[in-house]
Amino acid sequence: MKPERVPGRYIREEDLRRLPGVIEYTPTARYSYSAGQALSEFLRGLKDGRILGKLCPSCRRVLVPPRVYCEFCFTPTTEWVEVTGAGRVETAVTSYIGAARERLEKPEIIGVIRLDAPGHAENSFDFAGLFHKLCGVTEDDVKSGRVIGMRVKPRWKPVHERMGSILDIECFEPLQPREVV
Amino acid sequence: MRVAVVGVGWYGFKPTVPELSFREMMFEAAVRAYEDAGLDPRRDVDAFISCQEDFWEGIAISDEFAPEPIGGVLRPTMTITGDGLQCVGQAYMMIKSGAFNVVAVEAHAKPSDIMSPQEIYEFSLDPNIRTLKIPNPLFQAGLDAVAYMRRSGASREHLAMVAVKNKVRGLLNPRASHSAKVTLDQVLDSKPVIHPLTRYEIAGFTDVAINVVLASEDVARRLGDKHVWVEGIWWATEVGTGAVEWHEWGRMPSMRLAALGAYKLAGVEDPLRQTDFSEVEDRFSYMELLSLEELGLGGGGAHRMLESGYYNPEGGYPVNPSGGSLSMGVTLEATGLSRLLEVVLQLRGEAGGVQLKDVRRAVVASWRGPPTYTSIVAVVSRD
């Protein structure tokens with residue numbers, strides 16, 4: 001919907017920028033983040049279609065995403081544990097606008113997935129989990145709250161497209177009834 | 001009630017630490033410091049402080065990354081945008097208040113992760129000055145060096161002598177990755193980077209995480225006899241980065257004021273007589289001499305004292321026996337903790353190849369580096 005043209009003198013953006021009193025500056029800040037021991041292995045795992053976590057030998061929790069330490073026990077984590085990727089939606093939300101506050105044509109649904117880690121410790125706020133996009137879920141599923149607790153699994157990118165990145169998982173999608181991962 | 005350093009730990013001191021993330025470096029330093037102190041961070045440490053700056057981190061609001069790797073999760077943790085010694089000052093006050101018995105201080109640097117350090121320096125300038133597009137934003141160091149030489153009568157050679165002293169000394173220190181066997185002629189003959197400074201006189205960058213555990217006198221005595229006392233600590237900022245024009249060129253008033261504050265708390269009137277050595281700011285060669293003058297350690301002229309060998313490790317008053325930042329590298333906001341770490345190791349007799357004999361009391365001085373005019377000074381001693 002285009003706004004109706006109203007009377008008066010229109011100022012273009014470049015006119016505004018020419019006004020004294022404005023200093024325009026775009027910072028150059030570039031970084032190459034060292035992922036480190038735990039996250040590097042995790043990213044390599046994603047490339048192979050595997051979700052890896054680390055085990056805290058003290059509280060027996062599986063940390064996904066992995067850390068070399070357990071932040072509660074302050075203990076180095078030990079062995080690697082692979083989880084299937086199947087899990088339940090812990091919480092989810094629909095975003096209707098993009099990063100620049102532009103309205104998205106197709107709203108994005110994102111959520112936190114509590115991943116299955118059978119036999120390992122977890123409680124209400126520490127569990128093997130991933131923050132990711134949800135697909136195959138409707139806005140109404142989110143609005144109604146039906147999505148909470150929904151069984152989901154990762155939808156992987158084709159092998160040749162995987163880069164060793166969190167984007168190697170396209171999204172988490174609902175498990176079919178009686179589907180086992 | 002006195003405040004003590006009861007534990008120190010570090011990981012890195014290399015130009016790059018590619019094998020660990022900054023969080024993993026923080027964890028490794030923290031584990032070592034708590035082990036050194038004989039304390040369990042999840043039970044015995046009352047509060048945690050991290051000194052860091054978002055643009056060096058490459059993460060906005062990076063404060064929130066502090067608790068997890070240092071044992072501070074679900075505990076009082078906070079971040080100060082400043083040099084690590086400013087965090088020590090904060091911990092000192094918290095312990096003096098009586099509300100905290102043990103406070104852990106952390107600072108880290110991963111400059112190898114920063115692909116545009118010069119641009120970050122430029123971004124830190126007054127927007128009005130940035131418009132000038134000065135090719136090297138370290139120009140401020142050159143301006144101060146020139147003004148300092150003119151005021152004091154120090155020559156080009158004196159600045160080079162600082163580089164030789166510290167670069168060569170660092171060869172004995174395993175934490176001094178930027179040390180080098182270098183001669184006065186080599187320094188003088190190399191091309192200037194920013195007049196009058198050559199590349200030997202501008203410290204390189206170093207990746208490191210450092211953790212320092214401070215405690216009240218009661219706790220310190222209970223833990224054993226490894227502790228060293230923080231007798232006084234103070235800091236000051238001059239006009240600040242936003243007013244480069246009004247900086248007192250060739251001087252560092254923030255260092256002078258920080259020293260006066262720390263000396264007052266420590267009861268020091270004549271630091272050259274009442275302390276045994278110092279670890280001071282030297283990320284640029286001239287800064288060691290300028291720091292010494294502002295700290296009241298310059299006698300009749302720091303450059304003349306240097307020339308006479310007085311500041312050598314075997315001299316009357318050793319300065320930067322570790323090799324300083326020129327040898328150990330600039331560790332961003334962890335620079336002050338690098339200086340403090342070396343002093344703590346010296347006072348405990350654990351400084352290895354750079355160990356001085358019979359030292360009991362030292363001055364620690366750090367500057368937050370260009371373009372800031374913020375300095376921090378501490379007086380540290382052992383029983």
# chains A, B, ... in the order shown; residues from 1 in each chain; ligands from 1
call {"tool": "closest_atom_pairs", "arguments": {"of": "chain A", "to": "chain B", "cutoff": "6 Å", "atoms": "only C-alpha atoms", "output": "tab-separated table"}}
result
residue	atom	partner	partner_atom	distance
A:Thr28	CA	B:Glu119	CA	5.8
A:Ala29	CA	B:Ser116	CA	5.8
A:Arg30	CA	B:Met115	CA	5.1
A:Tyr31	CA	B:Ile114	CA	4.5
A:Ser32	CA	B:Asp113	CA	4.9
A:Tyr33	CA	B:Asp113	CA	5.5
A:Ser34	CA	B:Ser21	CA	5.0
A:Ala35	CA	B:Ser21	CA	5.3
A:Gly36	CA	B:Leu20	CA	4.1
A:Gln37	CA	B:Leu20	CA	5.9
A:Glu71	CA	B:Glu68	CA	5.3
A:Phe74	CA	B:Gly71	CA	5.9
call {"tool": "residues_around", "arguments": {"residues": "Ala128 (chain A)", "least_positions_apart": "2", "cutoff": "8 Å", "atoms": "only C-alpha atoms", "output": "list in words"}}
result
Gly53, Arg61, Val62, Leu63, Val64, Pro65, Arg114, Leu115, Asp116, Ala117, Glu122, Asp126 and Leu130 of chain A
call {"tool": "write_last_selection", "arguments": {"atoms": "C-alpha atoms", "output": "mmCIF file, in the first residue's frame"}}
result
data_model
loop_
_atom_site.group_PDB
_atom_site.id
_atom_site.type_symbol
_atom_site.label_atom_id
_atom_site.label_comp_id
_atom_site.auth_asym_id
_atom_site.auth_seq_id
_atom_site.Cartn_x
_atom_site.Cartn_y
_atom_site.Cartn_z
ATOM 1 C CA GLY A 53 27.402 -33.973 22.766
ATOM 2 C CA ARG A 61 24.354 -34.611 31.827
ATOM 3 C CA VAL A 62 24.930 -34.639 28.049
ATOM 4 C CA LEU A 63 25.877 -31.181 26.820
ATOM 5 C CA VAL A 64 24.540 -30.324 23.356
ATOM 6 C CA PRO A 65 25.926 -28.043 22.043
ATOM 7 C CA ARG A 114 14.997 -30.883 23.915
ATOM 8 C CA LEU A 115 16.915 -33.778 22.372
ATOM 9 C CA ASP A 116 16.445 -37.360 23.506
ATOM 10 C CA ALA A 117 19.407 -38.507 25.584
ATOM 11 C CA GLU A 122 18.475 -33.745 32.717
ATOM 12 C CA ASP A 126 19.565 -28.225 31.543
ATOM 13 C CA LEU A 130 19.380 -27.168 20.052
#
call {"tool": "select_by_dssp", "arguments": {"residues": "region 10-164 of chain A", "states": "strand (DSSP E)", "output": "PyMOL selection string"}}
result
chain A and resi 51-55+62-63+69-70+75-76+80-83+87-97+103-115+129-133+151-156
call {"tool": "closest_residue", "arguments": {"among": "A:Asp168, A:Ala121, A:Tyr96, A:Val147", "to": "Cys59 (chain A)", "atoms": "only C-alpha atoms"}}
result
A:Ala121
call {"tool": "residues_around", "arguments": {"residues": "region 47-51 of chain A", "least_positions_apart": "2", "cutoff": "8 Å", "atoms": "only C-alpha atoms", "output": "PyMOL selection string"}}
result
chain A and resi 42-45+53+82-85+156+159+162-165+168
